[in-house]
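Novice: Provided herewith: my_file04.pdb, PDB, C-alpha atoms.
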```
MODEL        1
ATOM      1  CA  MET A   1     121.912  81.382  95.062
ATOM      2  CA  ALA A   2     123.940  83.131  97.756
ATOM      3  CA  SER A   3     126.367  84.675  95.271
ATOM      4  CA  LEU A   4     123.490  85.887  93.066
ATOM      5  CA  LEU A   5     121.811  87.538  96.041
ATOM      6  CA  GLN A   6     125.057  89.139  97.179
ATOM      7  CA  ASN A   7     125.345  90.639  93.693
ATOM      8  CA  GLU A   8     122.070  92.428  94.518
ATOM      9  CA  ASN A   9     123.837  94.043  97.524
ATOM     10  CA  TRP A  10     122.147  91.845 100.133
ATOM     11  CA  ASN A  11     124.087  90.318 102.957
ATOM     12  CA  VAL A  12     123.633  86.550 102.981
ATOM     13  CA  CYS A  13     124.328  85.829 106.621
ATOM     14  CA  GLY A  14     123.859  82.061 106.648
ATOM     15  CA  GLU A  15     123.112  78.900 104.722
ATOM     16  CA  ALA A  16     121.700  75.596 105.917
ATOM     17  CA  GLU A  17     121.725  72.086 104.516
ATOM     18  CA  ASN A  18     118.554  70.979 106.274
ATOM     19  CA  GLY A  19     115.540  72.341 108.120
ATOM     20  CA  ARG A  20     117.002  71.862 111.579
ATOM     21  CA  GLN A  21     120.112  73.841 110.623
ATOM     22  CA  ALA A  22     117.882  76.540 109.129
ATOM     23  CA  ILE A  23     116.131  76.977 112.471
ATOM     24  CA  GLU A  24     119.466  77.125 114.310
ATOM     25  CA  GLN A  25     120.764  79.722 111.828
ATOM     26  CA  VAL A  26     117.654  81.875 112.220
ATOM     27  CA  LEU A  27     117.926  81.820 116.007
ATOM     28  CA  ALA A  28     121.644  82.645 115.936
ATOM     29  CA  LEU A  29     121.686  85.211 113.112
ATOM     30  CA  LYS A  30     118.212  86.794 113.319
ATOM     31  CA  PRO A  31     117.870  87.476 109.578
ATOM     32  CA  ASP A  32     115.235  89.766 108.098
ATOM     33  CA  LEU A  33     114.306  87.130 105.531
ATOM     34  CA  VAL A  34     114.735  83.394 104.974
ATOM     35  CA  LEU A  35     114.641  81.655 101.601
ATOM     36  CA  MET A  36     113.362  78.214 102.541
ATOM     37  CA  ASP A  37     113.590  75.176 100.289
ATOM     38  CA  LEU A  38     110.745  72.726 100.859
ATOM     39  CA  SER A  39     112.747  69.616  99.970
ATOM     40  CA  MET A  40     115.453  69.202 102.601
ATOM     41  CA  PRO A  41     116.790  66.282 104.613
ATOM     42  CA  VAL A  42     116.409  65.820 108.387
ATOM     43  CA  MET A  43     113.490  68.271 108.613
ATOM     44  CA  GLY A  44     111.503  69.456 105.613
ATOM     45  CA  GLY A  45     110.814  73.063 104.742
ATOM     46  CA  VAL A  46     107.169  73.096 105.859
ATOM     47  CA  GLU A  47     108.019  71.972 109.398
ATOM     48  CA  ALA A  48     111.051  74.283 109.564
ATOM     49  CA  THR A  49     108.852  77.169 108.391
ATOM     50  CA  LYS A  50     106.334  76.438 111.168
ATOM     51  CA  GLN A  51     109.052  76.453 113.792
ATOM     52  CA  ILE A  52     110.750  79.597 112.467
ATOM     53  CA  ARG A  53     107.397  81.375 112.403
ATOM     54  CA  ARG A  54     106.847  80.425 116.060
ATOM     55  CA  LEU A  55     110.398  81.206 117.247
ATOM     56  CA  ALA A  56     111.142  84.277 115.091
ATOM     57  CA  PRO A  57     107.789  85.814 114.142
ATOM     58  CA  SER A  58     109.266  88.954 112.572
ATOM     59  CA  THR A  59     111.466  87.014 110.119
ATOM     60  CA  LYS A  60     109.973  86.957 106.624
ATOM     61  CA  ILE A  61     109.904  83.549 104.937
ATOM     62  CA  VAL A  62     109.894  82.988 101.188
ATOM     63  CA  VAL A  63     109.507  79.344 100.239
ATOM     64  CA  LEU A  64     111.235  78.025  97.125
ATOM     65  CA  SER A  65     109.993  74.819  95.564
ATOM     66  CA  MET A  66     110.329  72.846  92.374
ATOM     67  CA  HIS A  67     106.643  71.926  92.695
ATOM     68  CA  ASN A  68     104.067  74.003  90.872
ATOM     69  CA  SER A  69     101.172  72.961  93.088
ATOM     70  CA  GLN A  70      98.483  75.038  94.748
ATOM     71  CA  GLU A  71      98.197  72.401  97.469
ATOM     72  CA  ILE A  72     101.899  72.607  98.337
ATOM     73  CA  GLU A  73     101.771  76.408  98.165
ATOM     74  CA  ALA A  74      98.827  76.343 100.594
ATOM     75  CA  GLN A  75     100.812  74.089 102.961
ATOM     76  CA  ALA A  76     103.779  76.465 102.871
ATOM     77  CA  LYS A  77     101.640  79.545 103.487
ATOM     78  CA  GLY A  78      99.692  77.700 106.169
ATOM     79  CA  ALA A  79     103.005  77.010 107.893
ATOM     80  CA  GLY A  80     103.756  80.743 107.927
ATOM     81  CA  ALA A  81     105.480  81.589 104.655
ATOM     82  CA  GLU A  82     104.626  85.007 103.262
ATOM     83  CA  ALA A  83     105.462  84.021  99.690
ATOM     84  CA  TYR A  84     105.879  80.907  97.561
ATOM     85  CA  VAL A  85     108.158  80.955  94.518
ATOM     86  CA  ASN A  86     108.653  78.150  92.037
ATOM     87  CA  LYS A  87     112.321  77.431  91.337
ATOM     88  CA  SER A  88     111.685  77.834  87.620
ATOM     89  CA  THR A  89     110.588  81.449  88.188
ATOM     90  CA  PRO A  90     112.975  83.944  86.572
ATOM     91  CA  PHE A  91     115.553  85.288  89.026
ATOM     92  CA  GLU A  92     114.311  88.860  88.458
ATOM     93  CA  ASP A  93     110.871  87.836  89.773
ATOM     94  CA  LEU A  94     112.437  86.278  92.864
ATOM     95  CA  ILE A  95     114.294  89.551  93.438
ATOM     96  CA  ARG A  96     110.990  91.444  93.218
ATOM     97  CA  VAL A  97     109.422  89.098  95.780
ATOM     98  CA  ILE A  98     112.350  89.581  98.159
ATOM     99  CA  ARG A  99     112.229  93.370  97.773
ATOM    100  CA  GLN A 100     108.489  93.327  98.475
ATOM    101  CA  MET A 101     108.984  91.194 101.577
ATOM    102  CA  LEU A 102     111.636  93.594 102.817
ATOM    103  CA  GLY A 103     109.471  96.616 102.037
ATOM    104  CA  ARG A 104     111.685  97.789  99.213
ATOM    105  CA  ASN A 105     109.216  98.548  96.409
ATOM    106  CA  GLN A 106     108.041  96.530  93.426
ATOM    107  CA  PRO A 107     104.813  94.533  93.813
ATOM    108  CA  ILE A 108     104.918  90.759  93.878
ATOM    109  CA  PRO A 109     104.351  89.321  90.366
ATOM    110  CA  GLY A 110     101.312  87.224  89.527
TER     111      GLY A 110
ENDMDL
END
```
Could you rewrite the structure in this file as structure tokens?
Specialist:
Amino acid sequence: MASLLQNENWNVCGEAENGRQAIEQVLALKPDLVLMDLSMPVMGGVEATKQIRRLAPSTKIVVLSMHNSQEIEAQAKGAGAEAYVNKSTPFEDLIRVIRQMLGRNQPIPG
């Protein structure tokens, strides 16, 4: 994912293997946007999203999940995610979501 995003001329400033590391990375690196996986060890994506929202309120959060569930999407957005993207979504649609979150044109699909 990181190499694909860098091909779009975005700077990927950090990667995390679990939710706790994601929070640490956000606090240290202060990114504009976080792509958060819901299924992670140590601390899941919903809890990490809640904490990032509280600790770094200006950071945009886009949740990625393999689940195509309105209930899980509602949990992610309730935790503070601005967008929810299924992992099976075409990469071009993910790019549009990221651009929208960063205020760089193109409306969010769907």
Novice: Just give me the gap between CA of Asn86 (chain A) and CA of Val63 (chain A) in Å, one decimal is fine.
Specialist: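 Between these atoms lies a distance of 8.3 Å.
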Novice: On this file, the PyMOL selection byres ((chain A and resi 82) around 7) gives some set of residues; write that set as a ChimeraX atom specification.
Specialist: /A:60-62,77,80-81,83
Novice: Residues at most 8 Å from region 18-31 of chain A, counting all atoms listed in the file, excluding those fewer than 5 positions away in the same chain, as a list in words?
Specialist: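 Final neighbour list, sorted by chain and number: Cys13, Met40, Pro41, Val42, Met43, Gly44, Gly45, Glu47, Ala48, Gln51, Ile52, Leu55, Ala56 and Thr59 of chain A.
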Novice: For CA of Arg96 (chain A) and CA of Leu33 (chain A), determine how far apart the two atoms are, in Å to one decimal place.
Specialist: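 Pair CA of Arg96 (chain A) / CA of Leu33 (chain A) returns 13.5 Å.
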Novice: Mind giving me the straight-line distance from CA of Glu71 (chain A) to CA of Asp37 (chain A) in Å, one decimal?
Specialist: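 Atom-to-atom, CA of Glu71 (chain A) to CA of Asp37 (chain A), that is 15.9 Å.
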Novice: Write out as a PyMOL selection string the residues lying within 9 Å of His67 (chain A), counting only C-alpha atoms and excluding same-chain residues fewer than 4 positions away.
Specialist: chain A and resi 72-73+86-87
Novice: Go ahead and write the residues just picked, C-alpha atoms, as a PDB file, in the frame of the given file.
Specialist:
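Just written: again-v8.pdb:
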```
ATOM      1  CA  ILE A  72     101.899  72.607  98.337  1.00  0.00           C
ATOM      2  CA  GLU A  73     101.771  76.408  98.165  1.00  0.00           C
ATOM      3  CA  ASN A  86     108.653  78.150  92.037  1.00  0.00           C
ATOM      4  CA  LYS A  87     112.321  77.431  91.337  1.00  0.00           C
TER       5      LYS A  87
END
```
Novice: Hey, can you pull every residue with an atom no more than 10 Å from (113.1, 89.9, 100.1), using all atoms listed in the file, and send it as a ChimeraX atom specification?
Specialist: /A:5,10,32-35,60-62,83,94-104
